[in-house]
>>> print(open('upload.cif').read())   # mmCIF, C-alpha atoms
data_my_file
loop_
_atom_site.label_atom_id
_atom_site.label_comp_id
_atom_site.auth_asym_id
_atom_site.auth_seq_id
_atom_site.Cartn_x
_atom_site.Cartn_y
_atom_site.Cartn_z
CA MET A 285 -4.69 21.05 -6.27
CA GLY A 286 -6.07 17.58 -5.71
CA ARG A 287 -6.82 16.00 -2.37
CA TRP A 288 -3.72 15.14 -0.33
CA PHE A 289 -3.83 11.41 -0.99
CA GLU A 290 -4.08 11.86 -4.76
CA GLU A 291 -0.70 13.61 -4.76
CA ALA A 292 0.94 11.52 -2.04
CA VAL A 293 3.91 9.19 -2.10
CA PHE A 294 3.40 6.51 0.57
CA TYR A 295 5.85 4.68 2.79
CA HIS A 296 4.63 1.30 4.01
CA MET A 297 5.67 0.22 7.53
CA TYR A 298 4.98 -3.23 8.99
CA PRO A 299 5.86 -2.40 12.60
CA ILE A 300 5.79 -5.85 14.22
CA GLY A 301 8.39 -7.00 11.70
CA MET A 302 10.58 -3.94 11.37
CA THR A 303 11.01 -3.51 15.13
CA GLY A 304 11.81 -7.19 15.70
CA ALA A 305 8.80 -7.59 18.01
CA PRO A 306 7.93 -11.17 19.08
CA ARG A 307 5.71 -12.93 16.57
CA ARG A 308 3.47 -14.15 19.40
CA ASN A 309 1.92 -11.66 21.82
CA GLU A 310 2.36 -13.52 25.08
CA GLN A 311 3.63 -10.66 27.22
CA THR A 312 1.71 -8.90 29.98
CA GLU A 313 3.76 -5.69 29.98
CA VAL A 314 3.97 -3.05 27.24
CA THR A 315 7.23 -2.80 25.27
CA HIS A 316 7.83 0.73 23.95
CA ARG A 317 9.12 0.25 20.40
CA PHE A 318 7.60 3.40 18.87
CA PRO A 319 10.73 5.50 19.55
CA ALA A 320 12.54 3.16 17.12
CA LEU A 321 9.76 3.69 14.57
CA GLU A 322 9.96 7.46 15.02
CA GLU A 323 13.63 7.30 14.02
CA TRP A 324 12.42 6.38 10.53
CA LEU A 325 10.43 9.58 10.07
CA PRO A 326 13.27 11.88 8.86
CA HIS A 327 14.44 9.13 6.50
CA ILE A 328 10.91 8.73 5.15
CA ALA A 329 10.67 12.49 4.59
CA SER A 330 14.05 12.46 2.81
CA LEU A 331 12.61 10.06 0.20
CA GLY A 332 9.92 12.58 -0.68
CA CYS A 333 7.20 10.50 1.00
CA THR A 334 4.24 12.51 2.23
CA ALA A 335 2.21 9.71 3.83
CA ILE A 336 2.76 6.54 5.84
CA TYR A 337 0.67 3.40 5.76
CA ILE A 338 1.48 1.65 9.05
CA GLY A 339 -0.06 -1.51 10.35
CA PRO A 340 -1.45 -3.63 11.67
CA LEU A 341 -1.59 -1.82 15.02
CA PHE A 342 -4.63 -3.21 16.84
CA GLU A 343 -3.80 -5.38 19.85
CA SER A 344 -3.54 -8.90 18.43
CA THR A 345 -2.28 -12.39 19.18
CA SER A 346 0.25 -13.03 16.40
CA HIS A 347 0.78 -11.39 12.98
CA GLY A 348 -1.46 -8.43 13.74
CA TYR A 349 -4.56 -9.41 11.77
CA ASP A 350 -6.07 -11.58 14.54
CA THR A 351 -7.41 -8.63 16.54
CA ARG A 352 -8.19 -9.03 20.21
CA ASP A 353 -8.75 -5.35 21.13
CA TYR A 354 -9.58 -2.68 18.54
CA LYS A 355 -8.99 0.24 20.90
CA LEU A 356 -5.52 -0.69 22.11
CA VAL A 357 -2.25 -0.35 20.26
CA ASP A 358 -0.48 -3.71 20.23
CA ARG A 359 1.50 -3.95 23.48
CA ARG A 360 4.49 -5.40 21.59
CA LEU A 361 4.85 -1.96 19.98
CA GLY A 362 3.80 0.41 22.74
CA ASP A 363 0.71 2.03 24.21
CA ASN A 364 -1.85 4.47 22.86
CA ASP A 365 0.17 7.50 23.99
CA ASP A 366 3.19 6.20 22.08
CA PHE A 367 1.23 6.03 18.85
CA LYS A 368 -0.36 9.41 19.48
CA HIS A 369 3.16 10.87 19.73
CA PHE A 370 4.22 9.05 16.54
CA VAL A 371 1.34 10.61 14.58
CA LYS A 372 2.13 14.06 16.01
CA GLU A 373 5.81 13.72 14.98
CA ALA A 374 4.81 12.59 11.49
CA HIS A 375 2.36 15.46 11.08
CA GLU A 376 5.03 17.96 12.08
CA LEU A 377 7.11 16.66 9.15
CA GLY A 378 4.14 17.06 6.80
CA ILE A 379 3.51 13.31 6.67
CA LYS A 380 -0.04 11.90 6.87
CA VAL A 381 -0.67 8.62 8.72
CA VAL A 382 -2.93 5.80 7.52
CA VAL A 383 -3.52 2.63 9.57
CA ASP A 384 -4.79 -0.88 8.89
CA GLY A 385 -8.49 -1.47 9.47
CA VAL A 386 -9.04 -5.18 10.09
CA PHE A 387 -12.82 -5.34 9.98
CA ASN A 388 -13.59 -8.58 8.14
CA HIS A 389 -12.62 -10.84 11.04
CA THR A 390 -11.32 -10.91 14.60
CA GLY A 391 -9.00 -13.19 16.48
CA ARG A 392 -10.32 -15.84 18.83
CA GLU A 393 -9.30 -13.76 21.86
CA PHE A 394 -11.67 -10.91 20.94
CA PHE A 395 -14.24 -10.36 23.71
CA ALA A 396 -17.30 -11.25 21.60
CA PHE A 397 -15.85 -14.56 20.43
CA GLN A 398 -14.79 -15.48 23.97
CA ASP A 399 -18.29 -14.72 25.23
CA ILE A 400 -19.67 -17.26 22.73
CA GLN A 401 -17.12 -19.81 23.94
CA ARG A 402 -18.29 -19.29 27.53
CA ASN A 403 -22.04 -18.88 27.09
CA ARG A 404 -22.73 -20.72 23.84
CA GLU A 405 -26.37 -20.23 22.70
CA ASN A 406 -26.97 -17.75 25.53
CA SER A 407 -24.27 -15.33 24.33
CA PRO A 408 -25.65 -12.02 23.07
CA TYR A 409 -22.80 -12.04 20.52
CA CYS A 410 -23.85 -15.13 18.53
CA CYS A 411 -25.11 -12.80 15.81
CA TRP A 412 -21.73 -11.01 15.58
CA TYR A 413 -20.11 -13.81 13.58
CA LYS A 414 -20.93 -15.62 10.37
CA GLY A 415 -21.96 -19.25 10.41
CA ILE A 416 -22.16 -19.83 14.16
CA ASN A 417 -23.57 -23.37 14.46
CA PHE A 418 -23.72 -25.26 17.74
CA GLY A 419 -24.33 -28.53 15.92
CA TRP A 420 -20.84 -28.39 14.41
CA ASN A 421 -17.33 -28.18 15.76
CA SER A 422 -14.17 -26.28 14.85
CA PRO A 423 -10.55 -27.39 14.41
CA TYR A 424 -10.01 -25.85 17.86
CA ASN A 425 -12.70 -28.15 19.33
CA ASP A 426 -14.87 -25.24 20.49
CA GLY A 427 -18.05 -27.31 20.39
CA PHE A 428 -19.45 -25.01 17.69
CA GLY A 429 -18.58 -24.10 14.13
CA TYR A 430 -18.07 -20.71 12.54
CA GLU A 431 -16.99 -19.21 9.23
CA ALA A 432 -13.29 -18.37 9.03
CA TRP A 433 -11.30 -16.25 6.57
CA ARG A 434 -9.92 -18.66 3.95
CA ASN A 435 -10.45 -21.47 6.46
CA CYS A 436 -7.83 -19.95 8.79
CA PHE A 437 -9.74 -20.64 11.98
CA GLU A 438 -7.72 -18.20 14.07
CA LEU A 439 -9.60 -15.55 12.04
CA ALA A 440 -13.34 -15.64 12.69
CA ASN A 441 -15.44 -13.77 10.11
CA LEU A 442 -17.59 -10.96 11.48
CA ASN A 443 -21.22 -10.65 10.39
CA LEU A 444 -21.24 -7.17 8.86
CA TRP A 445 -24.99 -7.32 8.26
CA GLU A 446 -25.51 -7.18 12.04
CA PRO A 447 -26.19 -3.52 13.04
CA GLN A 448 -24.43 -3.97 16.40
CA VAL A 449 -21.24 -5.04 14.59
CA ARG A 450 -21.40 -2.10 12.19
CA ASN A 451 -22.01 0.37 14.98
CA TYR A 452 -19.16 -1.10 16.99
CA LEU A 453 -16.68 -0.86 14.08
CA LEU A 454 -17.75 2.69 13.18
CA ASP A 455 -17.21 3.60 16.83
CA VAL A 456 -13.71 2.09 16.55
CA ILE A 457 -12.96 4.25 13.51
CA GLY A 458 -14.24 7.33 15.33
CA PHE A 459 -12.03 6.44 18.29
CA TRP A 460 -8.90 6.23 16.10
CA ILE A 461 -9.70 9.56 14.45
CA ASP A 462 -10.45 11.32 17.76
CA GLU A 463 -7.71 9.69 19.81
CA PHE A 464 -4.84 9.61 17.33
CA ASP A 465 -5.79 12.06 14.55
CA ILE A 466 -5.17 9.46 11.81
CA ASP A 467 -5.71 10.54 8.21
CA GLY A 468 -7.04 7.37 6.64
CA ILE A 469 -7.59 3.63 6.82
CA ARG A 470 -6.36 0.82 4.58
CA LEU A 471 -9.13 -1.77 4.70
CA ASP A 472 -7.75 -5.27 5.04
CA CYS A 473 -9.57 -7.81 2.84
CA ALA A 474 -11.79 -5.13 1.33
CA ASP A 475 -12.92 -7.64 -1.29
CA CYS A 476 -14.57 -9.60 1.55
CA LEU A 477 -16.40 -6.62 3.10
CA GLU A 478 -20.06 -5.82 2.48
CA PHE A 479 -20.44 -2.91 0.05
CA SER A 480 -23.09 -1.27 2.21
CA PHE A 481 -20.71 -1.36 5.18
CA MET A 482 -18.08 0.49 3.13
CA GLU A 483 -20.76 3.02 2.18
CA ASP A 484 -21.55 3.47 5.89
CA MET A 485 -17.84 4.04 6.55
CA ARG A 486 -17.66 6.69 3.84
CA ARG A 487 -20.62 8.60 5.27
CA PHE A 488 -19.25 8.32 8.80
CA THR A 489 -15.69 9.41 7.98
CA ASN A 490 -16.89 12.27 5.77
CA GLU A 491 -18.64 13.70 8.81
CA LYS A 492 -15.68 13.06 11.13
CA LYS A 493 -12.78 14.37 9.06
CA ALA A 494 -12.66 16.04 5.66
CA ASP A 495 -10.34 14.32 3.17
CA PHE A 496 -10.16 11.12 5.22
CA TRP A 497 -8.74 8.43 2.91
CA LEU A 498 -10.36 5.02 2.56
CA MET A 499 -8.28 2.53 0.56
CA GLY A 500 -9.14 -1.12 0.11
CA GLU A 501 -6.97 -4.20 -0.26
CA VAL A 502 -8.42 -5.78 -3.40
CA ILE A 503 -6.40 -8.36 -5.32
CA HIS A 504 -8.60 -9.63 -8.17
CA GLY A 505 -11.69 -8.40 -9.97
CA ASP A 506 -13.08 -5.08 -11.10
CA TYR A 507 -11.57 -2.28 -9.01
CA SER A 508 -14.24 0.16 -10.17
CA ARG A 509 -16.81 -1.70 -8.06
CA TYR A 510 -15.06 -0.30 -4.99
CA VAL A 511 -13.71 3.11 -6.02
CA LYS A 512 -16.71 5.43 -5.99
CA PRO A 513 -17.41 8.84 -4.42
CA TYR A 514 -19.75 7.19 -1.91
CA MET A 515 -17.45 4.28 -1.07
CA LEU A 516 -13.64 4.00 -1.33
CA ASP A 517 -11.10 6.51 -2.63
CA SER A 518 -8.67 3.88 -3.87
CA VAL A 519 -7.73 0.20 -3.95
CA THR A 520 -4.48 -1.73 -4.34
CA ASN A 521 -3.47 -2.07 -8.00
CA TYR A 522 -2.31 -5.71 -8.01
CA GLU A 523 -2.75 -5.85 -11.78
CA LEU A 524 -0.06 -3.22 -12.32
CA HIS A 525 2.10 -4.75 -9.56
CA LYS A 526 2.21 -7.99 -11.53
CA GLY A 527 3.05 -6.21 -14.79
CA LEU A 528 5.86 -4.19 -13.26
CA TYR A 529 7.98 -7.21 -12.36
CA SER A 530 6.96 -9.71 -15.05
CA GLY A 531 7.14 -7.08 -17.79
CA HIS A 532 10.81 -6.72 -16.89
CA ASN A 533 11.52 -10.41 -16.28
CA ASP A 534 10.10 -11.22 -19.71
CA HIS A 535 11.64 -8.15 -21.40
CA ASN A 536 8.10 -7.30 -22.37
CA TYR A 537 7.06 -3.68 -21.97
CA PHE A 538 3.92 -4.52 -23.96
CA GLU A 539 2.50 -6.13 -20.81
CA ILE A 540 2.93 -2.97 -18.73
CA ALA A 541 1.72 -0.67 -21.52
CA HIS A 542 -1.32 -2.89 -22.13
CA THR A 543 -2.19 -2.79 -18.41
CA ILE A 544 -1.97 1.02 -18.37
CA ARG A 545 -4.05 1.33 -21.57
CA ARG A 546 -6.68 -1.03 -20.19
CA GLU A 547 -6.81 0.82 -16.87
CA PHE A 548 -6.20 4.49 -17.59
CA ASP A 549 -6.49 5.27 -21.31
CA GLN A 550 -8.41 8.54 -21.74
CA ASN A 551 -10.62 6.97 -24.40
CA GLY A 552 -11.90 3.86 -22.70
CA GLY A 553 -9.63 2.92 -19.79
CA ILE A 554 -11.84 1.11 -17.30
CA TYR A 555 -10.33 3.01 -14.33
CA ARG A 556 -9.72 6.38 -15.97
CA GLY A 557 -9.97 9.20 -13.47
CA MET A 558 -9.33 6.85 -10.53
CA LYS A 559 -6.21 7.04 -8.35
CA LEU A 560 -5.24 3.45 -7.56
CA TYR A 561 -2.57 2.54 -5.00
CA SER A 562 0.61 1.37 -6.77
CA PHE A 563 3.38 -0.75 -5.27
CA VAL A 564 6.17 -3.09 -6.32
CA ASP A 565 6.17 -5.09 -3.08
CA ASN A 566 4.48 -5.18 0.32
CA HIS A 567 4.22 -7.33 3.46
CA ASP A 568 2.35 -10.10 1.59
CA VAL A 569 4.47 -10.57 -1.56
CA ASP A 570 8.14 -11.27 -2.28
CA ARG A 571 10.49 -8.29 -2.20
CA ILE A 572 11.02 -6.74 -5.62
CA ALA A 573 14.81 -7.23 -5.37
CA SER A 574 14.18 -10.98 -5.00
CA LYS A 575 11.63 -11.15 -7.82
CA LEU A 576 13.64 -9.59 -10.63
CA ASN A 577 15.77 -11.86 -12.84
CA VAL A 578 18.08 -8.93 -13.70
CA PRO A 579 19.05 -6.90 -10.61
CA GLY A 580 19.51 -3.71 -12.65
CA HIS A 581 15.85 -3.78 -13.68
CA ILE A 582 14.99 -2.42 -10.23
CA TYR A 583 15.85 1.07 -11.53
CA PRO A 584 13.31 1.24 -14.39
CA VAL A 585 10.79 -0.58 -12.16
CA TYR A 586 10.91 2.27 -9.63
CA THR A 587 10.90 4.87 -12.40
CA LEU A 588 7.61 3.42 -13.65
CA LEU A 589 6.19 3.13 -10.13
CA PHE A 590 6.67 6.87 -9.60
CA THR A 591 5.67 8.08 -13.07
CA LEU A 592 2.81 5.89 -14.32
CA PRO A 593 -0.75 6.76 -13.20
CA GLY A 594 -1.29 5.82 -9.58
CA ILE A 595 -0.33 6.65 -5.99
CA PRO A 596 3.18 5.21 -5.45
CA SER A 597 4.16 3.32 -2.32
CA ILE A 598 7.56 2.13 -1.03
CA TYR A 599 7.81 -0.85 1.33
CA TYR A 600 10.30 -0.34 4.15
CA GLY A 601 13.87 -1.24 3.21
CA SER A 602 13.12 -1.92 -0.44
CA GLU A 603 14.44 1.56 -1.24
CA TRP A 604 17.91 0.13 -0.77
CA GLY A 605 17.24 -3.32 -2.18
CA ILE A 606 16.32 -5.58 0.76
CA GLN A 607 15.77 -9.18 -0.37
CA GLY A 608 13.03 -11.46 0.90
CA ARG A 609 10.90 -14.37 -0.28
CA LYS A 610 8.00 -16.19 1.32
CA GLU A 611 8.91 -19.60 2.70
CA GLY A 612 5.75 -21.62 2.10
CA GLY A 613 3.12 -19.99 4.28
CA ASN A 614 5.74 -18.11 6.29
CA ASP A 615 5.76 -14.35 5.62
CA ASP A 616 8.51 -13.53 8.14
CA PRO A 617 11.25 -13.20 5.46
CA LEU A 618 9.20 -10.37 3.91
CA ARG A 619 9.00 -8.56 7.25
CA PRO A 620 12.53 -8.47 8.72
CA ALA A 621 13.74 -6.46 11.68
CA VAL A 622 15.76 -3.45 10.51
CA ASP A 623 17.95 -1.21 12.63
CA LEU A 624 17.76 1.93 10.51
CA LYS A 625 20.98 3.53 11.73
CA GLU A 626 22.96 0.35 11.08
CA ALA A 627 21.25 -0.25 7.75
CA LEU A 628 22.06 3.23 6.46
CA LYS A 629 25.73 2.85 7.41
CA GLU A 630 26.18 0.09 4.83
CA VAL A 631 23.35 0.36 2.32
CA PRO A 632 23.52 -2.57 -0.14
CA ASP A 633 22.51 -0.36 -3.07
CA PRO A 634 23.19 3.33 -2.31
CA GLU A 635 22.59 4.27 -5.96
CA LEU A 636 19.07 2.86 -5.77
CA LEU A 637 18.39 4.81 -2.57
CA GLU A 638 19.59 7.99 -4.26
CA TRP A 639 17.51 7.27 -7.38
CA ILE A 640 14.37 6.85 -5.28
CA ARG A 641 15.09 10.15 -3.53
CA THR A 642 15.40 11.74 -6.99
CA LEU A 643 12.11 10.18 -8.07
CA GLY A 644 10.43 11.43 -4.88
CA LYS A 645 11.57 14.97 -5.58
CA ILE A 646 10.48 14.79 -9.23
CA HIS A 647 7.06 13.47 -8.19
CA LYS A 648 6.62 16.37 -5.78
CA ASP A 649 7.80 19.00 -8.28
CA GLN A 650 5.80 17.75 -11.27
CA PRO A 651 2.02 17.96 -10.69
CA ALA A 652 1.40 16.04 -13.93
CA LEU A 653 2.71 12.87 -12.29
CA ALA A 654 -0.16 12.93 -9.80
CA ASN A 655 -2.92 14.49 -11.87
CA GLY A 656 -1.87 14.46 -15.52
CA SER A 657 -3.27 12.44 -18.40
CA TYR A 658 -1.26 9.56 -19.86
CA GLN A 659 -0.06 9.41 -23.46
CA GLU A 660 1.97 6.51 -24.88
CA LEU A 661 4.78 7.70 -27.16
CA LEU A 662 7.01 4.69 -27.89
CA LEU A 663 6.71 0.97 -27.24
CA THR A 664 8.94 -2.01 -28.00
CA ASN A 665 9.64 -5.11 -25.92
CA ARG A 666 12.64 -3.41 -24.33
CA GLN A 667 12.01 0.33 -24.59
CA TYR A 668 9.00 2.33 -23.48
CA ALA A 669 8.22 6.05 -23.41
CA PHE A 670 5.14 7.99 -22.41
CA ALA A 671 4.05 11.45 -21.35
CA ARG A 672 2.08 12.72 -18.38
CA ILE A 673 0.39 16.00 -19.31
CA LEU A 674 -1.43 18.58 -17.19
CA ASP A 675 -2.53 21.99 -18.50
CA GLY A 676 -0.06 21.96 -21.39
CA GLN A 677 2.92 20.99 -19.22
CA GLY A 678 4.34 17.74 -17.98
CA VAL A 679 7.01 15.11 -18.38
CA VAL A 680 8.24 12.56 -20.88
CA VAL A 681 9.47 9.32 -19.31
CA ALA A 682 11.67 6.82 -21.17
CA VAL A 683 12.99 3.48 -19.85
CA ASN A 684 15.24 0.76 -21.26
CA ASN A 685 15.18 -2.83 -19.92
CA ASP A 686 17.78 -4.08 -22.41
CA ASP A 687 21.29 -5.21 -21.53
CA LYS A 688 22.51 -3.02 -24.37
CA GLU A 689 22.53 0.71 -24.95
CA ALA A 690 19.46 1.87 -26.87
CA GLU A 691 18.75 4.77 -29.21
CA LEU A 692 15.15 5.96 -28.79
CA HIS A 693 13.25 8.12 -31.26
CA ILE A 694 10.25 9.41 -29.35
CA ARG A 695 7.51 11.54 -30.85
CA VAL A 696 6.93 14.75 -28.98
CA PRO A 697 3.68 14.86 -27.02
CA LEU A 698 3.21 18.60 -27.61
CA ALA A 699 4.83 20.72 -30.31
CA GLY A 700 6.72 23.93 -29.59
CA LYS A 701 7.95 22.88 -26.16
CA THR A 702 11.44 22.89 -24.63
CA TYR A 703 12.47 19.54 -23.20
CA LYS A 704 14.87 19.46 -20.26
CA SER A 705 16.16 16.45 -18.33
CA LEU A 706 15.16 16.29 -14.68
CA VAL A 707 17.95 13.75 -14.19
CA ASN A 708 20.98 15.66 -15.50
CA ASP A 709 19.60 19.14 -16.46
CA GLU A 710 20.51 18.70 -20.14
CA GLU A 711 18.20 20.07 -22.83
CA VAL A 712 16.97 17.65 -25.48
CA GLN A 713 16.15 19.30 -28.80
CA ALA A 714 13.16 18.08 -30.78
CA GLN A 715 13.94 17.42 -34.45
CA ASP A 716 11.13 16.88 -36.95
CA GLY A 717 8.70 16.20 -34.12
CA MET A 718 10.97 13.60 -32.51
CA LEU A 719 13.12 13.44 -29.38
CA HIS A 720 16.34 11.47 -29.78
CA ILE A 721 17.51 9.89 -26.53
CA ARG A 722 20.29 7.41 -25.84
CA LEU A 723 19.77 5.18 -22.79
CA LEU A 724 22.28 2.87 -21.16
CA PRO A 725 21.13 -0.60 -20.00
CA ASN A 726 18.42 -0.23 -17.32
CA GLU A 727 18.63 3.56 -17.56
CA SER A 728 15.70 5.97 -17.30
CA GLN A 729 15.27 9.50 -18.56
CA ILE A 730 12.65 12.00 -17.41
CA LEU A 731 12.19 15.24 -19.35
CA SER A 732 10.08 18.19 -18.29
CA PHE A 733 8.31 20.41 -20.82
#
>>> encode(input="upload.cif", output="structure tokens")
Amino acid sequence: MGRWFEEAVFYHMYPIGMTGAPRRNEQTEVTHRFPALEEWLPHIASLGCTAIYIGPLFESTSHGYDTRDYKLVDRRLGDNDDFKHFVKEAHELGIKVVVDGVFNHTGREFFAFQDIQRNRENSPYCCWYKGINFGWNSPYNDGFGYEAWRNCFELANLNLWEPQVRNYLLDVIGFWIDEFDIDGIRLDCADCLEFSFMEDMRRFTNEKKADFWLMGEVIHGDYSRYVKPYMLDSVTNYELHKGLYSGHNDHNYFEIAHTIRREFDQNGGIYRGMKLYSFVDNHDVDRIASKLNVPGHIYPVYTLLFTLPGIPSIYYGSEWGIQGRKEGGNDDPLRPAVDLKEALKEVPDPELLEWIRTLGKIHKDQPALANGSYQELLLTNRQYAFARILDGQGVVVAVNNDDKEAELHIRVPLAGKTYKSLVNDEEVQAQDGMLHIRLLPNESQILSF
């Protein structure tokens, strides 16, 4: 048995969007929207998901990443007791809960930044932020300059070399573990964080809670710089995310297979042995149903998400084919309000929802999908087959992105085995070391052995 997060299937919730909360936090009273979020928990469990990544949750001014109070749940969603109850309900269903940790920057309404605005050079918090310079100015006409995340001046970059800042943020993490019993943190902008700060977090969380998961949002670069026993457990696999949609749009399974070889090949994959966080969409990128040129490709895309090496994640609503594209810098179309009861009455793609439930069950029942080695068996532009093998058992996965039926001749990964479909229970006989499988357009087959 691996650690819980290595075998997990995640469900990604963006609560400000999915509950229809106001995009600006201008209210004085708390609005209790967590009961609506709790209604999702049985649905999430029905997909085979064993963990939730939910966030951002810290009290903030707008989209959730401009924190103004790290120890309060955003009042647009509820109060601390509401979230405590949400975690308890999730845990009772066997679902772990991971939250966003926004530690690279704060919003301008955070107490330390406001103290600098009031007291200027006399503020004890001048050292808390990067680039504070009272000879400059900001776009907000503060009378001082500061470093901002990607020049978005509503997000002021914290100085993580300052011991007071580190101690404060570690205290915040301890508070969320003690108060809410969370199981992990997804580190926003992990590629901007100081490595030594992430090492401090690892030491701190190891002492607080065994098997606490630290996952970093990293888009470009070498993921192995972050995933280490003394730092992070995982990072976002944006490289595979890109391959999963463009490999289908271009009818080019070589792109996906090359990515997997480069990352996870047993004889030289640069991330072999690592469990990266896999996804086909999230709150920052276009919905997968809007990105695919051929709608039917969504089926093999999800098959690969659940069966290739990695920790799979589903973004809320995409399990039934929600559409959504960014509009310039506006992410709201990616983060729509969804009334779950109404949505499930008329699901746009009920077959997709059922297929994802099937994939969730297969992932749970087949340990090789979480912990097995990867072996490529067949590769063309439009057909792809591979095995995941653990202790002499495992699965063969075959997908077809063609608009025509395809006949696949797949070499067996291990001789002397019986191959049985996990999709339709049919046995597939090996002949002369080959498995002969016929796939309809956009069809997948998964065989156990």
>>> closest_residue(input="upload.cif", among="A:Tyr668, A:Trp445, A:Tyr413, A:Phe479", to="Ile730 of chain A", atoms="only C-alpha atoms")
A:Tyr668
>>> residues_around(input="upload.cif", residues="Arg509 of chain A", least_positions_apart="5", cutoff="10 Å", atoms="all atoms listed in the file", output="JSON, numbers by chain")
{"A": [475, 479, 515, 516]}
>>> closest_residue(input="upload.cif", among="A:Trp604, A:Gly557, A:Pro651, A:Asp358", to="Glu630 of chain A", atoms="all atoms listed in the file")
A:Trp604
>>> residues_around(input="upload.cif", residues="Ala654 of chain A", least_positions_apart="5", cutoff="8 Å", atoms="only C-alpha atoms", output="VMD selection string")
chain A and resid 290 to 292 593 to 595 647
>>> resolve_selection(input="upload.cif", expression="the PyMOL selection byres ((chain A and resi 530) around 12)", output="PyMOL selection string")
chain A and resi 523-529+531-540+543+564+572+575-578+581-582+585+685
>>> closest_residue(input="upload.cif", among="A:Lys414, A:Lys629, A:Arg307, A:Lys559", to="Ser346 of chain A", atoms="all atoms listed in the file")
A:Arg307
>>> resolve_selection(input="upload.cif", expression="the PyMOL selection byres ((chain A and resi 325) around 10)", output="MDAnalysis selection string")
chainID A and resid 295 320:324 326:330 333 336 370 373:374 377 379
>>> residues_around(input="upload.cif", residues="Phe548 of chain A", least_positions_apart="6", cutoff="9 Å", atoms="all atoms listed in the file", output="JSON, numbers by chain")
{"A": [554, 555, 556, 557, 558, 593, 657, 658]}
>>> closest_residue(input="upload.cif", among="A:Phe733, A:Phe289, A:Trp497, A:Trp412", to="Arg672 of chain A", atoms="all atoms listed in the file")
A:Phe733
>>> atom_distance(input="upload.cif", atom1="atom CA of Leu698 of chain A", atom2="atom CA of Leu731 of chain A")
12.7 Å
>>> residues_near_point(input="upload.cif", point="(-16.0, -17.6, 7.6)", cutoff="12 Å", atoms="all atoms listed in the file", output="mmCIF file with C-alpha atoms, in the frame of the given file")
data_model
loop_
_atom_site.group_PDB
_atom_site.id
_atom_site.type_symbol
_atom_site.label_atom_id
_atom_site.label_comp_id
_atom_site.auth_asym_id
_atom_site.auth_seq_id
_atom_site.Cartn_x
_atom_site.Cartn_y
_atom_site.Cartn_z
ATOM 1 C CA ASN A 388 -13.590 -8.580 8.140
ATOM 2 C CA HIS A 389 -12.620 -10.840 11.040
ATOM 3 C CA THR A 390 -11.320 -10.910 14.600
ATOM 4 C CA TRP A 412 -21.730 -11.010 15.580
ATOM 5 C CA TYR A 413 -20.110 -13.810 13.580
ATOM 6 C CA LYS A 414 -20.930 -15.620 10.370
ATOM 7 C CA GLY A 415 -21.960 -19.250 10.410
ATOM 8 C CA ILE A 416 -22.160 -19.830 14.160
ATOM 9 C CA ASN A 417 -23.570 -23.370 14.460
ATOM 10 C CA SER A 422 -14.170 -26.280 14.850
ATOM 11 C CA GLY A 429 -18.580 -24.100 14.130
ATOM 12 C CA TYR A 430 -18.070 -20.710 12.540
ATOM 13 C CA GLU A 431 -16.990 -19.210 9.230
ATOM 14 C CA ALA A 432 -13.290 -18.370 9.030
ATOM 15 C CA TRP A 433 -11.300 -16.250 6.570
ATOM 16 C CA ARG A 434 -9.920 -18.660 3.950
ATOM 17 C CA ASN A 435 -10.450 -21.470 6.460
ATOM 18 C CA CYS A 436 -7.830 -19.950 8.790
ATOM 19 C CA PHE A 437 -9.740 -20.640 11.980
ATOM 20 C CA GLU A 438 -7.720 -18.200 14.070
ATOM 21 C CA LEU A 439 -9.600 -15.550 12.040
ATOM 22 C CA ALA A 440 -13.340 -15.640 12.690
ATOM 23 C CA ASN A 441 -15.440 -13.770 10.110
ATOM 24 C CA LEU A 442 -17.590 -10.960 11.480
ATOM 25 C CA ASN A 443 -21.220 -10.650 10.390
ATOM 26 C CA LEU A 444 -21.240 -7.170 8.860
ATOM 27 C CA CYS A 476 -14.570 -9.600 1.550
ATOM 28 C CA LEU A 477 -16.400 -6.620 3.100
#
>>> atom_distance(input="upload.cif", atom1="atom CA of Val681 of chain A", atom2="atom CA of Thr642 of chain A")
13.9 Å
>>> atom_distance(input="upload.cif", atom1="atom CA of Asn684 of chain A", atom2="atom CA of Asn566 of chain A")
24.8 Å
>>> closest_residue(input="upload.cif", among="A:Gln659, A:Pro579, A:Leu643, A:Lys492", to="Ser728 of chain A", atoms="all atoms listed in the file")
A:Leu643
>>> resolve_selection(input="upload.cif", expression="the PyMOL selection byres ((chain A and resi 457) around 9)", output="list in words")
Gly385, Tyr452, Leu453, Leu454, Asp455, Val456, Gly458, Phe459, Trp460, Ile461, Asp462, Ile469, Met485, Phe488 and Thr489 of chain A
>>> residues_around(input="upload.cif", residues="Arg641 of chain A", least_positions_apart="2", cutoff="12 Å", atoms="only C-alpha atoms", output="JSON, numbers by chain")
{"A": [293, 327, 328, 329, 330, 331, 332, 333, 586, 587, 590, 598, 603, 604, 634, 635, 636, 637, 638, 639, 643, 644, 645, 646, 647, 648, 707]}
>>> closest_residue(input="upload.cif", among="A:His504, A:Arg470, A:Arg360, A:His369", to="Asn309 of chain A", atoms="all atoms listed in the file")
A:Arg360
>>> axis_aligned_box(input="upload.cif", around="segment 445-457 of chain A", padding_each_side="3 Å", output="AutoDock Vina command-line options")
--center_x -19.6 --center_y -1.5 --center_z 12.6 --size_x 19.2 --size_y 17.6 --size_z 14.7
>>> residues_around(input="upload.cif", residues="Glu691 of chain A", least_positions_apart="2", cutoff="10 Å", atoms="all atoms listed in the file", output="list of chain:residue names")
A:Gln667, A:Asn684, A:Lys688, A:Glu689, A:His693, A:Ile694, A:His720, A:Ile721, A:Arg722, A:Leu723, A:Leu724
